[in-house]
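Source file: final_28.cif. Holds: mmCIF, C-alpha atoms and all ligand atoms.
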data_entry
#
loop_
_atom_site.label_atom_id
_atom_site.label_comp_id
_atom_site.auth_asym_id
_atom_site.auth_seq_id
_atom_site.Cartn_x
_atom_site.Cartn_y
_atom_site.Cartn_z
CA MET A 1 -18.29 11.90 0.89
CA SER A 2 -16.98 15.32 -0.14
CA GLU A 3 -13.41 16.49 -0.02
CA MET A 4 -14.22 18.55 3.06
CA THR A 5 -15.44 15.60 5.10
CA VAL A 6 -12.31 13.54 4.53
CA PRO A 7 -9.37 14.49 6.72
CA GLY A 8 -5.72 14.19 5.89
CA TRP A 9 -5.15 15.02 2.24
CA PRO A 10 -1.48 13.93 2.04
CA ALA A 11 0.50 17.11 1.56
CA THR A 12 3.04 15.59 -0.80
CA HIS A 13 0.66 13.60 -2.97
CA PRO A 14 -1.70 14.94 -5.63
CA ALA A 15 -3.94 11.85 -5.52
CA ARG A 16 -5.33 9.43 -2.96
CA ALA A 17 -7.51 6.36 -2.54
CA ILE A 18 -10.12 6.73 0.17
CA VAL A 19 -11.31 3.43 1.62
CA ASP A 20 -14.51 3.43 3.66
CA LEU A 21 -14.33 0.80 6.39
CA ALA A 22 -18.06 1.17 7.07
CA ALA A 23 -18.64 -0.08 3.50
CA ILE A 24 -16.37 -3.08 4.15
CA ARG A 25 -18.36 -3.95 7.28
CA HIS A 26 -21.66 -3.52 5.43
CA ASN A 27 -20.50 -5.82 2.62
CA VAL A 28 -19.32 -8.52 5.03
CA ARG A 29 -22.74 -8.43 6.70
CA THR A 30 -24.42 -8.72 3.30
CA LEU A 31 -22.26 -11.74 2.48
CA GLY A 32 -22.92 -13.31 5.87
CA ALA A 33 -26.65 -12.94 5.27
CA ALA A 34 -26.29 -14.52 1.81
CA ALA A 35 -24.69 -17.61 3.35
CA PRO A 36 -26.38 -17.81 6.76
CA SER A 37 -25.25 -21.34 7.60
CA SER A 38 -21.61 -20.80 6.69
CA ALA A 39 -18.68 -19.00 8.23
CA VAL A 40 -17.14 -16.16 6.20
CA MET A 41 -13.47 -15.99 5.21
CA ALA A 42 -12.69 -12.48 4.01
CA VAL A 43 -10.13 -12.82 1.22
CA VAL A 44 -7.57 -10.08 1.82
CA LYS A 45 -4.78 -11.11 -0.55
CA ALA A 46 -2.98 -8.49 -2.64
CA ASP A 47 -3.17 -5.90 0.14
CA ALA A 48 -6.90 -6.51 0.46
CA TYR A 49 -7.40 -6.07 -3.31
CA GLY A 50 -5.54 -2.77 -2.98
CA HIS A 51 -7.67 -1.49 -0.10
CA GLY A 52 -5.10 -1.89 2.71
CA LEU A 53 -4.53 -5.20 4.49
CA LEU A 54 -4.85 -4.54 8.21
CA PRO A 55 -7.64 -1.94 8.27
CA VAL A 56 -9.75 -4.10 5.95
CA ALA A 57 -9.02 -7.32 7.84
CA THR A 58 -9.95 -5.64 11.12
CA ALA A 59 -13.18 -4.21 9.69
CA ALA A 60 -14.14 -7.58 8.18
CA LEU A 61 -13.61 -9.33 11.52
CA GLN A 62 -15.67 -6.67 13.30
CA ALA A 63 -18.54 -7.39 10.89
CA GLY A 64 -18.58 -11.13 11.48
CA ALA A 65 -15.95 -12.68 9.24
CA THR A 66 -14.22 -15.36 11.30
CA TRP A 67 -11.51 -16.41 8.82
CA LEU A 68 -9.04 -14.53 6.65
CA GLY A 69 -7.52 -15.77 3.40
CA VAL A 70 -4.42 -14.69 1.50
CA ALA A 71 -2.50 -16.21 -1.38
CA GLN A 72 1.09 -16.09 -0.18
CA VAL A 73 2.80 -16.91 3.10
CA ALA A 74 4.55 -13.54 2.78
CA GLU A 75 1.12 -11.93 3.06
CA ALA A 76 -0.03 -14.11 5.94
CA LEU A 77 2.88 -13.33 8.27
CA PRO A 78 2.45 -9.54 8.47
CA LEU A 79 -1.30 -10.08 8.72
CA ARG A 80 -0.85 -12.37 11.72
CA ALA A 81 1.66 -9.98 13.34
CA GLY A 82 -0.58 -6.98 12.75
CA LEU A 83 -3.65 -8.70 14.18
CA ASP A 84 -1.72 -10.07 17.16
CA ALA A 85 -0.91 -6.47 18.03
CA THR A 86 -4.65 -5.80 18.21
CA GLY A 87 -5.33 -8.93 20.25
CA VAL A 88 -7.33 -10.99 17.72
CA ARG A 89 -6.24 -14.39 16.38
CA PRO A 90 -8.54 -15.68 13.65
CA PRO A 91 -7.55 -18.62 11.48
CA ILE A 92 -5.65 -17.42 8.39
CA LEU A 93 -5.28 -19.58 5.29
CA ALA A 94 -2.42 -19.11 2.79
CA TRP A 95 -2.55 -21.19 -0.37
CA LEU A 96 0.38 -20.36 -2.59
CA PHE A 97 3.97 -21.51 -2.12
CA ALA A 98 6.54 -23.28 -4.27
CA PRO A 99 8.68 -26.30 -3.35
CA GLY A 100 11.51 -25.36 -0.99
CA ALA A 101 9.66 -22.43 0.57
CA ASP A 102 10.47 -21.74 4.22
CA LEU A 103 7.18 -22.74 5.83
CA ALA A 104 8.40 -22.87 9.44
CA PRO A 105 7.53 -19.21 10.18
CA ALA A 106 4.01 -19.83 8.88
CA VAL A 107 3.52 -22.95 11.01
CA ALA A 108 4.96 -21.11 14.02
CA ALA A 109 2.48 -18.27 13.41
CA ASP A 110 -0.52 -20.64 13.21
CA ILE A 111 -1.10 -20.04 9.51
CA ASP A 112 -3.22 -22.72 7.83
CA LEU A 113 -1.55 -23.95 4.63
CA SER A 114 -2.98 -25.52 1.50
CA ALA A 115 -1.66 -28.68 -0.08
CA SER A 116 -2.41 -29.80 -3.64
CA ALA A 117 0.16 -32.60 -3.85
CA PRO A 118 2.08 -34.98 -1.56
CA TRP A 119 5.29 -32.88 -1.78
CA ALA A 120 3.43 -30.00 -0.11
CA ILE A 121 2.27 -32.25 2.74
CA GLU A 122 5.86 -33.45 3.22
CA GLU A 123 7.24 -29.90 3.30
CA ILE A 124 4.53 -28.71 5.70
CA ALA A 125 5.21 -31.75 7.92
CA ALA A 126 8.95 -30.93 7.89
CA ALA A 127 8.16 -27.36 8.97
CA ALA A 128 5.95 -28.75 11.73
CA ARG A 129 8.78 -30.97 12.98
CA ALA A 130 11.18 -28.00 12.88
CA THR A 131 8.85 -25.88 14.98
CA GLY A 132 7.56 -28.63 17.25
CA ARG A 133 3.97 -27.83 16.34
CA THR A 134 1.12 -29.53 14.51
CA ALA A 135 0.49 -27.78 11.19
CA ARG A 136 -3.06 -27.13 10.00
CA VAL A 137 -3.54 -28.17 6.38
CA HIS A 138 -6.33 -27.68 3.83
CA LEU A 139 -6.29 -30.38 1.14
CA LYS A 140 -7.18 -28.90 -2.22
CA VAL A 141 -9.00 -30.86 -4.88
CA ASP A 142 -9.26 -29.62 -8.46
CA THR A 143 -12.95 -29.98 -9.24
CA GLY A 144 -12.76 -28.22 -12.60
CA MET A 145 -10.80 -24.96 -12.35
CA SER A 146 -7.64 -26.73 -13.57
CA ARG A 147 -5.49 -24.41 -11.46
CA GLY A 148 -4.56 -25.41 -7.89
CA GLY A 149 -5.59 -28.72 -6.37
CA ALA A 150 -5.07 -32.42 -7.00
CA ARG A 151 -7.12 -33.75 -9.87
CA PRO A 152 -9.77 -36.20 -8.60
CA GLU A 153 -7.78 -39.21 -9.80
CA ALA A 154 -4.77 -37.98 -7.76
CA PHE A 155 -6.75 -36.99 -4.66
CA GLY A 156 -6.29 -40.46 -3.16
CA ASP A 157 -2.51 -39.96 -3.13
CA LEU A 158 -2.97 -36.62 -1.40
CA LEU A 159 -5.24 -38.23 1.20
CA ASP A 160 -2.67 -41.00 1.77
CA ALA A 161 0.11 -38.45 2.31
CA ALA A 162 -2.12 -36.50 4.69
CA ALA A 163 -3.06 -39.65 6.61
CA ARG A 164 0.62 -40.53 7.08
CA ALA A 165 1.54 -37.05 8.33
CA ARG A 166 -1.50 -37.01 10.57
CA ALA A 167 -0.54 -40.35 12.06
CA ASP A 168 2.84 -39.01 13.16
CA GLY A 169 1.22 -35.89 14.61
CA THR A 170 2.83 -33.38 12.27
CA ILE A 171 -0.38 -32.20 10.58
CA GLU A 172 -4.08 -32.01 11.18
CA VAL A 173 -6.50 -31.70 8.27
CA ALA A 174 -8.33 -28.45 8.98
CA GLY A 175 -10.01 -28.19 5.61
CA ILE A 176 -10.81 -29.75 2.27
CA TRP A 177 -11.35 -27.18 -0.42
CA SER A 178 -11.64 -26.26 -4.06
CA HIS A 179 -12.38 -23.27 -6.29
CA LEU A 180 -15.23 -22.56 -8.72
CA ALA A 181 -14.41 -21.63 -12.31
CA CYS A 182 -17.73 -20.30 -13.66
CA ALA A 183 -19.71 -19.14 -10.63
CA ASP A 184 -20.11 -15.67 -12.14
CA GLU A 185 -22.28 -17.23 -14.86
CA PRO A 186 -25.27 -18.33 -12.78
CA ASP A 187 -26.69 -20.44 -15.62
CA SER A 188 -23.50 -22.36 -16.29
CA PRO A 189 -23.82 -26.09 -15.54
CA VAL A 190 -20.15 -26.14 -14.49
CA THR A 191 -20.81 -25.04 -10.89
CA ALA A 192 -23.19 -27.93 -10.15
CA GLN A 193 -20.71 -30.34 -11.75
CA GLN A 194 -17.90 -28.97 -9.58
CA VAL A 195 -20.03 -29.27 -6.44
CA GLU A 196 -20.71 -32.90 -7.38
CA VAL A 197 -17.00 -33.65 -7.84
CA PHE A 198 -16.26 -31.85 -4.56
CA THR A 199 -18.90 -33.87 -2.71
CA ALA A 200 -17.42 -37.09 -4.09
CA ALA A 201 -13.96 -36.00 -2.89
CA LEU A 202 -15.36 -35.27 0.57
CA ASP A 203 -16.94 -38.74 0.65
CA GLN A 204 -13.65 -40.27 -0.42
CA ALA A 205 -11.87 -38.41 2.41
CA GLY A 206 -14.53 -39.56 4.86
CA ARG A 207 -13.97 -43.19 3.85
CA ALA A 208 -10.26 -42.61 4.53
CA GLY A 209 -11.18 -41.35 8.00
CA ILE A 210 -10.48 -37.69 7.20
CA ARG A 211 -13.25 -35.35 8.28
CA PRO A 212 -12.08 -31.73 8.15
CA GLU A 213 -13.24 -28.87 10.30
CA VAL A 214 -14.31 -26.90 7.19
CA ARG A 215 -15.22 -27.66 3.58
CA HIS A 216 -15.12 -24.68 1.22
CA ILE A 217 -15.41 -23.92 -2.47
CA ALA A 218 -17.35 -20.63 -2.93
CA GLN A 219 -15.80 -17.24 -3.75
CA SER A 220 -17.99 -14.10 -4.03
CA ALA A 221 -20.03 -15.36 -6.98
CA GLY A 222 -20.47 -18.76 -5.35
CA THR A 223 -21.57 -17.03 -2.16
CA LEU A 224 -24.08 -14.75 -3.90
CA PHE A 225 -25.44 -16.99 -6.66
CA HIS A 226 -24.97 -20.64 -5.61
CA PRO A 227 -26.32 -21.68 -2.19
CA ALA A 228 -25.49 -25.33 -2.93
CA ALA A 229 -21.81 -24.34 -2.97
CA HIS A 230 -21.74 -22.72 0.48
CA PHE A 231 -20.68 -25.75 2.58
CA ASP A 232 -19.10 -24.72 5.95
CA LEU A 233 -17.22 -21.64 4.83
CA VAL A 234 -17.45 -19.10 2.00
CA ARG A 235 -14.45 -17.13 0.71
CA PRO A 236 -15.61 -13.82 -0.77
CA GLY A 237 -12.99 -11.43 -2.07
CA ILE A 238 -14.27 -8.86 -4.54
CA ALA A 239 -17.72 -8.54 -2.92
CA THR A 240 -16.06 -7.69 0.40
CA TYR A 241 -14.90 -4.54 -1.36
CA GLY A 242 -18.40 -3.80 -2.62
CA LEU A 243 -17.83 -4.78 -6.23
CA THR A 244 -20.04 -7.19 -8.09
CA PRO A 245 -18.35 -10.39 -9.23
CA ALA A 246 -20.65 -10.46 -12.26
CA PRO A 247 -21.45 -6.99 -13.62
CA ALA A 248 -23.38 -8.48 -16.55
CA VAL A 249 -25.68 -10.29 -14.10
CA ALA A 250 -26.14 -7.92 -11.17
CA SER A 251 -24.74 -4.55 -10.16
CA SER A 252 -23.22 -3.82 -6.76
CA ALA A 253 -26.45 -2.04 -5.78
CA ASP A 254 -28.57 -5.03 -6.92
CA LEU A 255 -26.51 -7.19 -4.55
CA ASP A 256 -26.63 -4.69 -1.66
CA LEU A 257 -22.89 -4.09 -1.89
CA ARG A 258 -21.19 -0.73 -1.36
CA PRO A 259 -17.95 -0.05 -3.27
CA ALA A 260 -15.42 0.86 -0.60
CA MET A 261 -12.70 2.58 -2.63
CA ARG A 262 -12.76 6.02 -4.15
CA VAL A 263 -9.78 7.28 -6.15
CA GLU A 264 -9.46 11.00 -6.59
CA ALA A 265 -6.83 13.57 -7.52
CA ARG A 266 -6.39 17.31 -7.61
CA LEU A 267 -5.94 18.91 -11.02
CA THR A 268 -2.36 20.03 -11.56
CA VAL A 269 -2.75 22.00 -14.79
CA VAL A 270 -5.80 23.68 -16.38
CA LYS A 271 -5.41 25.63 -19.63
CA THR A 272 -7.27 26.85 -22.67
CA ALA A 273 -6.42 25.13 -25.97
CA PRO A 274 -7.38 26.29 -29.48
CA PRO A 275 -9.22 24.10 -32.01
CA GLY A 276 -7.07 21.41 -33.62
CA THR A 277 -4.78 20.91 -30.60
CA GLY A 278 -3.37 17.39 -30.38
CA ILE A 279 -3.60 15.86 -26.91
CA SER A 280 -1.06 13.57 -25.18
CA TYR A 281 1.32 11.04 -26.75
CA GLY A 282 0.60 10.29 -30.39
CA HIS A 283 -2.10 12.98 -30.60
CA ARG A 284 -4.82 10.33 -30.64
CA ALA A 285 -7.27 13.00 -29.50
CA ARG A 286 -7.58 16.51 -30.93
CA THR A 287 -9.74 19.45 -29.88
CA THR A 288 -12.45 20.44 -32.34
CA ALA A 289 -13.11 23.88 -30.84
CA GLU A 290 -11.54 26.13 -28.25
CA THR A 291 -11.76 24.26 -24.98
CA THR A 292 -10.21 23.76 -21.55
CA LEU A 293 -7.85 20.88 -20.86
CA ALA A 294 -7.33 19.64 -17.31
CA VAL A 295 -4.47 17.40 -16.19
CA VAL A 296 -5.25 14.62 -13.68
CA PRO A 297 -2.07 13.47 -11.87
CA LEU A 298 -2.68 9.73 -12.15
CA GLY A 299 -1.46 7.35 -14.82
CA TYR A 300 -0.66 3.76 -15.63
CA ALA A 301 2.11 3.65 -13.00
CA ASP A 302 -0.71 4.29 -10.53
CA GLY A 303 -2.69 1.42 -11.98
CA LEU A 304 -4.99 3.16 -14.44
CA PRO A 305 -4.73 0.93 -17.50
CA ARG A 306 -3.33 2.51 -20.65
CA THR A 307 -5.88 0.46 -22.57
CA ALA A 308 -8.53 2.81 -21.14
CA SER A 309 -6.99 5.73 -23.07
CA ASP A 310 -9.65 7.94 -24.71
CA ALA A 311 -12.33 6.21 -22.64
CA GLY A 312 -11.76 6.02 -18.86
CA PRO A 313 -14.44 8.11 -17.09
CA VAL A 314 -13.52 10.98 -14.75
CA SER A 315 -15.83 13.31 -12.83
CA ILE A 316 -14.80 16.95 -12.58
CA ALA A 317 -17.03 19.63 -11.05
CA GLY A 318 -19.90 17.14 -10.94
CA ARG A 319 -19.72 16.32 -14.66
CA LYS A 320 -18.84 12.86 -15.90
CA LEU A 321 -16.24 13.25 -18.66
CA HIS A 322 -13.57 10.92 -20.00
CA VAL A 323 -9.84 10.76 -20.60
CA ALA A 324 -8.73 12.49 -23.82
CA GLY A 325 -5.88 10.77 -25.65
CA ARG A 326 -3.37 8.37 -24.17
CA ILE A 327 -3.05 7.73 -20.47
CA CYS A 328 0.61 8.45 -19.58
CA MET A 329 2.71 6.98 -16.77
CA ASP A 330 1.76 9.63 -14.18
CA GLN A 331 -0.87 11.83 -15.79
CA MET A 332 -3.86 11.96 -18.06
CA VAL A 333 -5.75 14.79 -19.74
CA VAL A 334 -9.48 15.49 -19.64
CA ASP A 335 -11.23 17.92 -21.99
CA VAL A 336 -13.56 19.79 -19.63
CA GLY A 337 -15.09 21.97 -22.36
CA PRO A 338 -15.07 25.74 -22.83
CA GLY A 339 -15.86 28.13 -19.99
CA SER A 340 -16.06 25.37 -17.43
CA GLY A 341 -14.74 27.41 -14.51
CA VAL A 342 -12.56 24.46 -13.56
CA ARG A 343 -9.32 25.46 -11.79
CA GLU A 344 -6.06 23.92 -10.73
CA GLY A 345 -6.50 22.16 -7.39
CA ASP A 346 -10.09 21.16 -8.16
CA LEU A 347 -11.03 17.57 -7.47
CA ALA A 348 -11.23 14.88 -10.16
CA VAL A 349 -12.97 11.66 -9.12
CA VAL A 350 -11.60 8.73 -11.08
CA PHE A 351 -13.90 6.16 -9.56
CA GLY A 352 -15.96 5.63 -6.45
CA ALA A 353 -19.27 4.24 -5.27
CA GLY A 354 -21.11 5.67 -8.28
CA ASP A 355 -24.20 6.47 -6.20
CA ASP A 356 -23.77 10.16 -7.04
CA GLY A 357 -23.62 9.43 -10.78
CA GLY A 358 -19.81 9.42 -10.69
CA PRO A 359 -17.60 6.84 -12.38
CA THR A 360 -17.10 3.35 -10.97
CA ALA A 361 -14.35 0.73 -11.02
CA ASP A 362 -16.69 -1.36 -13.19
CA GLU A 363 -16.79 1.44 -15.77
CA TRP A 364 -12.99 1.65 -15.77
CA ALA A 365 -12.86 -2.11 -16.18
CA GLU A 366 -15.18 -1.92 -19.15
CA ALA A 367 -13.18 0.93 -20.70
CA ALA A 368 -10.00 -1.11 -20.31
CA GLY A 369 -11.44 -4.47 -21.37
CA THR A 370 -10.81 -6.04 -17.98
CA ILE A 371 -12.52 -6.73 -14.64
CA SER A 372 -12.89 -4.50 -11.59
CA TYR A 373 -10.56 -6.84 -9.65
CA GLU A 374 -7.66 -5.65 -11.81
CA ILE A 375 -8.61 -2.00 -11.42
CA VAL A 376 -8.75 -1.87 -7.61
CA SER A 377 -5.90 -4.30 -6.92
CA GLY A 378 -3.78 -2.46 -9.48
CA ILE A 379 -3.97 0.97 -7.84
CA GLY A 380 -0.30 1.57 -7.19
CA ALA A 381 1.61 1.97 -3.96
CA ARG A 382 2.30 5.60 -4.89
CA VAL A 383 -1.36 6.43 -4.25
CA PRO A 384 -1.77 6.82 -0.48
CA ARG A 385 -4.66 4.90 1.06
CA VAL A 386 -6.70 6.98 3.46
CA HIS A 387 -9.03 4.90 5.61
CA VAL A 388 -12.21 6.55 6.80
CA ASP A 389 -15.25 5.29 8.58
CA THR A 390 -18.42 6.95 7.39
CA ALA A 391 -20.33 5.26 10.20
CA ARG A 392 -18.05 6.95 12.72
CA PRO A 393 -17.08 10.30 11.20
CA GLY A 394 -13.78 11.65 12.45
CA ARG A 395 -12.73 8.34 14.00
CA GLU A 396 -10.41 5.68 12.71
CA ALA A 397 -9.18 7.96 9.92
CA ALA A 398 -5.64 6.97 9.16
CA GLU A 399 -3.23 7.05 6.32
CA ALA A 400 -1.71 3.79 5.22
C1 LIG B 1 -8.69 -19.50 -3.90
C2 LIG B 1 -9.50 -18.25 -3.91
N1 LIG B 1 -10.59 -18.18 -3.13
C3 LIG B 1 -11.35 -17.06 -3.11
C4 LIG B 1 -11.05 -15.98 -3.90
C5 LIG B 1 -11.96 -14.78 -3.89
O1 LIG B 1 -12.54 -14.64 -5.16
P1 LIG B 1 -13.56 -13.45 -5.46
O2 LIG B 1 -12.73 -12.19 -5.38
O3 LIG B 1 -14.05 -13.70 -6.83
O4 LIG B 1 -14.58 -13.49 -4.42
C6 LIG B 1 -9.93 -16.03 -4.72
C7 LIG B 1 -9.59 -14.89 -5.58
O5 LIG B 1 -9.36 -14.99 -6.75
C8 LIG B 1 -9.13 -17.20 -4.73
O6 LIG B 1 -8.04 -17.29 -5.50
#

For the file at hand, write its structure as structure tokens.
Ligand SMILES: Cc1ncc(COP(=O)(O)O)c(C=O)c1O
Amino acid sequence: MSEMTVPGWPATHPARAIVDLAAIRHNVRTLGAAAPSSAVMAVVKADAYGHGLLPVATAALQAGATWLGVAQVAEALPLRAGLDATGVRPPILAWLFAPGADLAPAVAADIDLSASAPWAIEEIAAAARATGRTARVHLKVDTGMSRGGARPEAFGDLLDAAARARADGTIEVAGIWSHLACADEPDSPVTAQQVEVFTAALDQAGRAGIRPEVRHIAQSAGTLFHPAAHFDLVRPGIATYGLTPAPAVASSADLDLRPAMRVEARLTVVKTAPPGTGISYGHRARTTAETTLAVVPLGYADGLPRTASDAGPVSIAGRKLHVAGRICMDQMVVDVGPGSGVREGDLAVVFGAGDDGGPTADEWAEAAGTISYEIVSGIGARVPRVHVDTARPGREAAEA
């Protein structure tokens, strides 16, 4: 995808994130094929991992995802409203709220809610009474992540609370679910142990007369590496965006995933610097010979981690270089070498699909000592998202 093929460079912004919806659709198909007996919930929390909530959700549904998942109710409501405007009404699960949250709008909007403890069932049931509807609940069991979910010894209490609310018609149990802690390490014994604990919890629910519509535990890594964890529904997030959940195990290309986001900027300053010139705050980098310095108008306020100073890769004029010195709030400097011919306005690619030898979100993650999830979801609101569809050039291009 060259600059010329992408319409709508935002006139007031020196940088942009291009999101290819054809890549999203391709990845959802790949994930569907990896779990052929399960439905797919595209996880679109955190503004679809920074890719833009509604365009991504719509593309995922077009490619066969039948569920959508978000963390917070505040994410679910605009998602439901946006999809209603397009005439589609998939189930949406939201799993994160604190006691006292106003759940009535979620129940009224047909948002499935997760419960890890009896208080959550009681609050969901109260919201159901307030709206005159039956709320759809997913009971979460902690099978080993030690984050959300009732521990197995407390799951009976959760089932009892659910049975009571079901008896008075305020809730129905749509799902029983959990989350895998070590699925990105295919050899870890933890995943099989978690599946065993999950299966025992499902049996326990069955004995209590609770048989949910869907049982689900697998995120991207569970979907791609652990067929025994697929159950009725898989919940891929990062792989939907074309990024591998386990870069040490398999690359995106190995997994037939296409990174959907490309972040690029136009150089704002290009200048010659003599040998011995200190670069950026603290002069952590210094030129060793006469060279050309180029300023890329993106910084840590745009989500490029300061910990990737001196290391984050950037492609300029087809050459893969790296940040020189500290990444600043809005800018970073790249030493493009002497006589490069690089000019102000030229394109710098910060990361993209990598298929042209350019930098990737995984490389930025490595440079920053983090994971690609944090790189893409951290790209700031100041960077306009431009949605394109490489399968349908010229159509569906929109700024978000
Ligand atoms: C409960 C839950 N399910 C699924 C996912 C998707 O995970 P991944 O992006 O690793 O596929 C997440 C994201 O962290 C999550 O919190």

Please identify every residue of chain A that has at least one atom no farther than 6 Å from an atom of ligand LIG 1 (chain B), counting only C-alpha atoms and all ligand atoms, and for each give the shortest atom pair and the distance in Å to one decimal, arranged by chain then increasing number, as a Markdown table.
| residue | atom | partner | partner_atom | distance |
| --- | --- | --- | --- | --- |
| A:Val43 | CA | B:LIG1 | C5 | 5.8 |
| A:His179 | CA | B:LIG1 | C1 | 5.8 |
| A:Gln219 | CA | B:LIG1 | O4 | 4.0 |
| A:Ser220 | CA | B:LIG1 | O4 | 3.5 |
| A:Arg235 | CA | B:LIG1 | C3 | 4.9 |
| A:Pro236 | CA | B:LIG1 | O4 | 3.8 |
| A:Gly237 | CA | B:LIG1 | O2 | 3.4 |
| A:Ile238 | CA | B:LIG1 | O2 | 3.8 |
| A:Pro245 | CA | B:LIG1 | O3 | 5.9 |

Mind dumping the selected residues with C-alpha atoms as a PDB file, in the frame of the given file?
ATOM      1  CA  VAL A  43     -10.130 -12.820   1.220  1.00  0.00           C
ATOM      2  CA  HIS A 179     -12.380 -23.270  -6.290  1.00  0.00           C
ATOM      3  CA  GLN A 219     -15.800 -17.240  -3.750  1.00  0.00           C
ATOM      4  CA  SER A 220     -17.990 -14.100  -4.030  1.00  0.00           C
ATOM      5  CA  ARG A 235     -14.450 -17.130   0.710  1.00  0.00           C
ATOM      6  CA  PRO A 236     -15.610 -13.820  -0.770  1.00  0.00           C
ATOM      7  CA  GLY A 237     -12.990 -11.430  -2.070  1.00  0.00           C
ATOM      8  CA  ILE A 238     -14.270  -8.860  -4.540  1.00  0.00           C
ATOM      9  CA  PRO A 245     -18.350 -10.390  -9.230  1.00  0.00           C
TER      10      PRO A 245
END

Open item on the list: Need the shell around Asp102 of chain A: protein/DNA/RNA residues with any atom at most 12 Å away, counting all atoms listed in the file. Skip same-chain ones fewer than 5 positions apart. Format as a list in words?
Closed with: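 Skipping anything fewer than 5 positions along the chain leaves Gln72, Val73, Ala74, Phe97, Val107, Ala108, Ala120, Glu123, Ile124, Ala125, Ala126, Ala127, Ala128, Ala130 and Thr131 of chain A.
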
Open item on the list: So, with all atoms listed in the file as the atoms that count, which of A:Gln331, A:Thr199, A:Thr12, A:Ser340 lies closest to Glu290 of chain A?
Closed with: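 Under the stated criterion, the closest residue is A:Ser340.
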
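The closest residue to Leu267 of chain A, picked from A:Ala183, A:Ala348, A:Met41, A:Ala104 and counting only C-alpha atoms, is A:Ala348.
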
At most 10 Å is the cut-off: for each residue in segment 259-339 of chain A with any atom that close to an atom of segment 357-380 of chain A, write down the nearest atom pair and the distance in Å rounded to one decimal, counting only C-alpha atoms, chain first then increasing number, as JSON lines.
{"residue": "A:Pro259", "atom": "CA", "partner": "A:Thr360", "partner_atom": "CA", "distance": 8.5}
{"residue": "A:Met261", "atom": "CA", "partner": "A:Val376", "partner_atom": "CA", "distance": 7.8}
{"residue": "A:Arg262", "atom": "CA", "partner": "A:Thr360", "partner_atom": "CA", "distance": 8.5}
{"residue": "A:Val263", "atom": "CA", "partner": "A:Ile379", "partner_atom": "CA", "distance": 8.7}
{"residue": "A:Leu298", "atom": "CA", "partner": "A:Gly380", "partner_atom": "CA", "distance": 9.8}
{"residue": "A:Gly299", "atom": "CA", "partner": "A:Gly380", "partner_atom": "CA", "distance": 9.6}
{"residue": "A:Tyr300", "atom": "CA", "partner": "A:Gly380", "partner_atom": "CA", "distance": 8.7}
{"residue": "A:Ala301", "atom": "CA", "partner": "A:Gly380", "partner_atom": "CA", "distance": 6.6}
{"residue": "A:Asp302", "atom": "CA", "partner": "A:Gly380", "partner_atom": "CA", "distance": 4.3}
{"residue": "A:Gly303", "atom": "CA", "partner": "A:Ile379", "partner_atom": "CA", "distance": 4.4}
{"residue": "A:Leu304", "atom": "CA", "partner": "A:Ile375", "partner_atom": "CA", "distance": 7.0}
{"residue": "A:Pro305", "atom": "CA", "partner": "A:Ala368", "partner_atom": "CA", "distance": 6.3}
{"residue": "A:Arg306", "atom": "CA", "partner": "A:Ala368", "partner_atom": "CA", "distance": 7.6}
{"residue": "A:Thr307", "atom": "CA", "partner": "A:Ala368", "partner_atom": "CA", "distance": 5.0}
{"residue": "A:Ala308", "atom": "CA", "partner": "A:Ala368", "partner_atom": "CA", "distance": 4.3}
{"residue": "A:Ser309", "atom": "CA", "partner": "A:Ala368", "partner_atom": "CA", "distance": 8.0}
{"residue": "A:Asp310", "atom": "CA", "partner": "A:Ala367", "partner_atom": "CA", "distance": 8.8}
{"residue": "A:Ala311", "atom": "CA", "partner": "A:Ala367", "partner_atom": "CA", "distance": 5.7}
{"residue": "A:Gly312", "atom": "CA", "partner": "A:Trp364", "partner_atom": "CA", "distance": 5.5}
{"residue": "A:Pro313", "atom": "CA", "partner": "A:Pro359", "partner_atom": "CA", "distance": 5.8}
{"residue": "A:Val314", "atom": "CA", "partner": "A:Pro359", "partner_atom": "CA", "distance": 6.3}
{"residue": "A:Ser315", "atom": "CA", "partner": "A:Gly358", "partner_atom": "CA", "distance": 6.0}
{"residue": "A:Ile316", "atom": "CA", "partner": "A:Gly358", "partner_atom": "CA", "distance": 9.2}
{"residue": "A:Gly318", "atom": "CA", "partner": "A:Gly358", "partner_atom": "CA", "distance": 7.7}
{"residue": "A:Arg319", "atom": "CA", "partner": "A:Gly358", "partner_atom": "CA", "distance": 8.0}
{"residue": "A:Lys320", "atom": "CA", "partner": "A:Gly358", "partner_atom": "CA", "distance": 6.3}
{"residue": "A:Leu321", "atom": "CA", "partner": "A:Pro359", "partner_atom": "CA", "distance": 9.1}
{"residue": "A:His322", "atom": "CA", "partner": "A:Pro359", "partner_atom": "CA", "distance": 9.5}

Task: Ser146 of chain A environment, 10 Å, only C-alpha atoms, sequence neighbours closer than 3 positions dropped, as a list in words - done: Val141, Asp142, Thr143, Gly149, Ala150, Arg151, His179, Leu180 and Ala181 of chain A

- [ ] Determine the nearest neighbour of Pro186 of chain A from the options A:Phe351, A:Met332, A:Pro247, A:Ala109, counting all atoms listed in the file.
- [x]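 Comparing A:Phe351, A:Met332, A:Pro247, A:Ala109 against Pro186 of chain A, the winner is A:Pro247.
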
Open item on the list: Which residue is closest to Ala63 of chain A? Choose from A:Gly325, A:Pro274, A:Gly32, A:Pro384 and count all atoms listed in the file.
Closed with: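 Smallest distance to Ala63 of chain A is found for A:Gly32.
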
Open item on the list: As an exercise, work out the distance from atom CA of Met329 of chain A to atom CA of Val349 of chain A in Å and give it to one decimal place.
Closed with: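 Value for the atom CA of Met329 of chain A-atom CA of Val349 of chain A distance: 18.1 Å.
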